[in-house]
>>> print(open('model31.txt').read())   # compact mmCIF, C-alpha atoms
# COMPACT_ATOMS: atom_id res chain seq x y z
CA VAL A 1 -8.09 7.32 12.23
CA GLN A 2 -9.07 7.22 8.57
CA LEU A 3 -7.16 5.72 5.67
CA VAL A 4 -7.85 7.04 2.18
CA GLU A 5 -6.12 5.37 -0.76
CA SER A 6 -5.93 6.86 -4.23
CA GLY A 7 -4.07 6.62 -7.51
CA GLY A 8 -5.33 3.36 -8.91
CA GLY A 9 -6.57 2.89 -12.44
CA LEU A 10 -6.30 0.94 -15.64
CA VAL A 11 -2.82 0.59 -17.12
CA GLN A 12 -1.18 -1.56 -19.75
CA ALA A 13 1.40 -4.14 -18.82
CA GLY A 14 4.77 -2.46 -18.40
CA GLY A 15 3.20 0.76 -17.23
CA SER A 16 3.49 2.62 -13.94
CA LEU A 17 1.22 3.98 -11.26
CA ARG A 18 1.79 5.83 -8.02
CA LEU A 19 -0.56 5.12 -5.16
CA ALA A 20 -1.02 7.39 -2.17
CA CYS A 21 -2.56 6.80 1.23
CA VAL A 22 -3.45 9.68 3.50
CA VAL A 23 -3.79 8.84 7.16
CA SER A 24 -5.93 11.31 9.04
CA GLY A 25 -6.64 11.63 12.71
CA SER A 26 -3.21 10.39 13.80
CA ASN A 27 -0.68 13.18 13.43
CA TYR A 28 1.32 12.00 16.40
CA ILE A 29 1.02 8.29 15.86
CA PHE A 30 1.71 8.17 12.12
CA ARG A 31 5.40 8.96 12.31
CA LEU A 32 5.95 6.46 15.12
CA ARG A 33 4.49 3.40 13.43
CA GLY A 34 5.26 1.19 10.50
CA MET A 35 2.91 1.16 7.55
CA GLY A 36 2.24 -1.33 4.81
CA TRP A 37 0.68 -1.65 1.41
CA TYR A 38 -1.55 -4.67 1.04
CA ARG A 39 -3.44 -6.02 -1.92
CA ARG A 40 -6.29 -8.40 -2.58
CA ALA A 41 -6.31 -9.98 -5.99
CA PRO A 42 -9.49 -11.54 -7.38
CA GLY A 43 -10.18 -14.83 -5.62
CA LYS A 44 -7.22 -14.48 -3.27
CA GLN A 45 -6.61 -13.40 0.28
CA ARG A 46 -5.28 -9.98 1.13
CA GLU A 47 -1.50 -9.97 1.39
CA LEU A 48 1.12 -7.56 2.66
CA ILE A 49 3.38 -6.67 -0.26
CA ALA A 50 5.48 -3.77 1.00
CA ARG A 51 6.26 -2.39 4.42
CA ILE A 52 8.03 0.66 5.76
CA THR A 53 9.10 1.18 9.34
CA ALA A 54 9.01 4.41 11.30
CA GLY A 55 12.67 4.76 10.40
CA SER A 56 11.87 4.24 6.70
CA ASN A 57 13.39 0.80 6.40
CA THR A 58 11.58 -1.14 3.70
CA VAL A 59 10.78 -4.78 2.94
CA TYR A 60 9.04 -6.25 -0.11
CA VAL A 61 7.62 -9.58 -1.10
CA ASP A 62 9.53 -11.27 -3.88
CA SER A 63 6.78 -10.76 -6.43
CA VAL A 64 7.14 -6.96 -6.36
CA LYS A 65 10.78 -6.58 -5.36
CA GLY A 66 12.66 -4.37 -7.79
CA ARG A 67 9.44 -3.01 -9.30
CA PHE A 68 7.60 -1.36 -6.40
CA THR A 69 8.89 1.28 -3.99
CA ILE A 70 7.21 2.25 -0.74
CA SER A 71 7.93 5.61 0.85
CA ARG A 72 6.45 7.91 3.44
CA ASP A 73 6.09 11.63 4.06
CA ASN A 74 5.54 12.17 7.76
CA ALA A 75 4.81 15.86 7.26
CA LYS A 76 1.83 14.90 5.10
CA ASN A 77 0.81 11.74 6.99
CA THR A 78 1.03 9.98 3.65
CA VAL A 79 2.52 6.72 2.46
CA TYR A 80 3.18 6.07 -1.22
CA LEU A 81 3.63 3.07 -3.46
CA GLN A 82 5.43 3.66 -6.73
CA MET A 83 4.71 0.77 -9.06
CA THR A 84 6.66 0.21 -12.25
CA ASN A 85 6.77 -2.53 -14.88
CA LEU A 86 3.28 -3.56 -13.89
CA LYS A 87 2.08 -7.04 -14.79
CA PRO A 88 -1.43 -8.46 -15.21
CA GLU A 89 -0.93 -10.44 -11.99
CA ASP A 90 -0.62 -7.12 -10.13
CA THR A 91 -4.33 -6.55 -10.74
CA ALA A 92 -5.91 -6.13 -7.31
CA VAL A 93 -7.45 -3.73 -4.85
CA TYR A 94 -4.63 -2.04 -2.98
CA TYR A 95 -4.91 -0.95 0.63
CA CYS A 96 -2.63 0.72 3.13
CA ASN A 97 -2.69 0.09 6.84
CA TRP A 98 -0.57 -0.18 9.90
CA LEU A 99 1.60 -3.25 10.21
CA GLY A 100 0.21 -6.12 12.26
CA VAL A 101 -3.46 -5.61 11.44
CA ASN A 102 -5.84 -8.32 10.31
CA ASP A 103 -9.07 -8.49 8.32
CA HIS A 104 -11.12 -7.67 11.41
CA ASP A 105 -9.43 -4.31 11.89
CA TYR A 106 -10.43 -1.07 10.19
CA TRP A 107 -9.57 -0.79 6.49
CA GLY A 108 -10.06 2.01 4.00
CA GLN A 109 -11.92 1.53 0.74
CA GLY A 110 -8.79 0.68 -1.19
CA THR A 111 -7.92 1.66 -4.74
CA LEU A 112 -8.33 -0.65 -7.73
CA VAL A 113 -5.40 -1.33 -10.01
CA THR A 114 -6.14 -3.14 -13.25
CA VAL A 115 -3.27 -4.16 -15.51
CA SER A 116 -4.18 -5.23 -19.02
CA SER A 117 -2.00 -7.53 -21.09
>>> encode(input="model31.txt", output="structure tokens")
Amino acid sequence: VQLVESGGGLVQAGGSLRLACVVSGSNYIFRLRGMGWYRRAPGKQRELIARITAGSNTVYVDSVKGRFTISRDNAKNTVYLQMTNLKPEDTAVYYCNWLGVNDHDYWGQGTLVTVSS
């Protein structure tokens, strides 16, 4: 299984970005498992910020609730993160992965989001 994140970049505060994560090598498994978007801000530990179950139920941490939306397209083995009203504190490397993983599991390269004030 490979995870390839994309869509990051430099954006001004208040702006929007849409991240995508393509999961390859798991056509059968992808639609059966929950996925999450994680981020690692400078000097901080990686945290799970948004999750989506196989049934497309979603949960968000308070810091992104109302601004970020996670979704999935099982036909494309892709999970998305729509980010709006971005803030400087959203600056981080963003990763997708299955739910329940830890730092010792496989991770993709991530995509860097930088929000300027």
>>> closest_residue(input="model31.txt", among="A:Ala41, A:Met35, A:Cys21, A:Ala54", to="Val113 of chain A", atoms="all atoms listed in the file")
A:Ala41
>>> residues_around(input="model31.txt", residues="segment 68-78 of chain A", least_positions_apart="5", cutoff="8 Å", atoms="only C-alpha atoms", output="list in words")
Ala20, Cys21, Val22, Val23, Ser24, Asn27, Phe30, Arg31, Trp37, Ala50, Arg51, Ile52, Ser56, Thr58, Met83 and Thr84 of chain A
>>> closest_residue(input="model31.txt", among="A:Cys96, A:Leu48, A:Ile29, A:Leu86", to="Gly15 of chain A", atoms="all atoms listed in the file")
A:Leu86
>>> residues_near_point(input="model31.txt", point="(-6.1, -4.1, -3.6)", cutoff="10 Å", atoms="all atoms listed in the file", output="ChimeraX atom specification")
/A:5,8,37-42,46-47,90-96,109-114
>>> atom_distance(input="model31.txt", atom1="atom CA of Tyr28 of chain A", atom2="atom CA of Trp107 of chain A")
19.5 Å
>>> closest_residue(input="model31.txt", among="A:Leu32, A:Val64, A:Val79, A:Val59", to="Val4 of chain A", atoms="all atoms listed in the file")
A:Val79
>>> atom_distance(input="model31.txt", atom1="atom CA of Asn97 of chain A", atom2="atom CA of Tyr80 of chain A")
11.6 Å
>>> residues_near_point(input="model31.txt", point="(-8.8, -9.3, 4.9)", cutoff="7 Å", atoms="all atoms listed in the file", output="list of chain:residue names")
A:Gln45, A:Arg46, A:Asn102, A:Asp103
>>> atom_distance(input="model31.txt", atom1="atom CA of Val11 of chain A", atom2="atom CA of Ser117 of chain A")
9.1 Å
>>> closest_residue(input="model31.txt", among="A:Gly100, A:Pro88, A:Gly55, A:Gly66", to="Leu10 of chain A", atoms="all atoms listed in the file")
A:Pro88
>>> closest_residue(input="model31.txt", among="A:Ala13, A:Val61, A:Leu99, A:Leu81", to="Gly36 of chain A", atoms="all atoms listed in the file")
A:Leu99
>>> decode(input="model31.txt", residues="segment 41-73 of chain A", atoms="C-alpha atoms", output="PDB file, in the first residue's frame")
ATOM      1  CA  ALA A  41       3.174  21.302  13.067  1.00  0.00           C
ATOM      2  CA  PRO A  42       6.700  22.606  13.653  1.00  0.00           C
ATOM      3  CA  GLY A  43       7.949  21.444  17.039  1.00  0.00           C
ATOM      4  CA  LYS A  44       4.832  19.413  17.770  1.00  0.00           C
ATOM      5  CA  GLN A  45       3.765  15.814  17.608  1.00  0.00           C
ATOM      6  CA  ARG A  46       1.683  14.471  14.772  1.00  0.00           C
ATOM      7  CA  GLU A  47      -2.021  14.633  15.545  1.00  0.00           C
ATOM      8  CA  LEU A  48      -5.173  13.227  14.009  1.00  0.00           C
ATOM      9  CA  ILE A  49      -7.361  16.146  12.978  1.00  0.00           C
ATOM     10  CA  ALA A  50     -10.115  14.587  10.868  1.00  0.00           C
ATOM     11  CA  ARG A  51     -11.401  11.075  10.419  1.00  0.00           C
ATOM     12  CA  ILE A  52     -13.864   9.380   8.127  1.00  0.00           C
ATOM     13  CA  THR A  53     -15.259   5.910   8.590  1.00  0.00           C
ATOM     14  CA  ALA A  54     -15.992   3.365   5.894  1.00  0.00           C
ATOM     15  CA  GLY A  55     -19.575   4.576   6.075  1.00  0.00           C
ATOM     16  CA  SER A  56     -18.429   8.201   5.634  1.00  0.00           C
ATOM     17  CA  ASN A  57     -19.163   9.326   9.164  1.00  0.00           C
ATOM     18  CA  THR A  58     -16.801  12.130  10.102  1.00  0.00           C
ATOM     19  CA  VAL A  59     -15.203  13.485  13.268  1.00  0.00           C
ATOM     20  CA  TYR A  60     -12.980  16.547  13.692  1.00  0.00           C
ATOM     21  CA  VAL A  61     -10.825  17.997  16.404  1.00  0.00           C
ATOM     22  CA  ASP A  62     -12.135  21.241  17.801  1.00  0.00           C
ATOM     23  CA  SER A  63      -9.383  23.333  16.248  1.00  0.00           C
ATOM     24  CA  VAL A  64     -10.553  22.565  12.695  1.00  0.00           C
ATOM     25  CA  LYS A  65     -14.246  21.921  13.238  1.00  0.00           C
ATOM     26  CA  GLY A  66     -16.375  24.077  10.972  1.00  0.00           C
ATOM     27  CA  ARG A  67     -13.420  24.930   8.726  1.00  0.00           C
ATOM     28  CA  PHE A  68     -12.185  21.573   7.404  1.00  0.00           C
ATOM     29  CA  THR A  69     -14.166  18.863   5.634  1.00  0.00           C
ATOM     30  CA  ILE A  70     -12.959  15.322   5.066  1.00  0.00           C
ATOM     31  CA  SER A  71     -14.480  13.204   2.319  1.00  0.00           C
ATOM     32  CA  ARG A  72     -13.701  10.071   0.386  1.00  0.00           C
ATOM     33  CA  ASP A  73     -14.181   8.707  -3.119  1.00  0.00           C
TER      34      ASP A  73
END
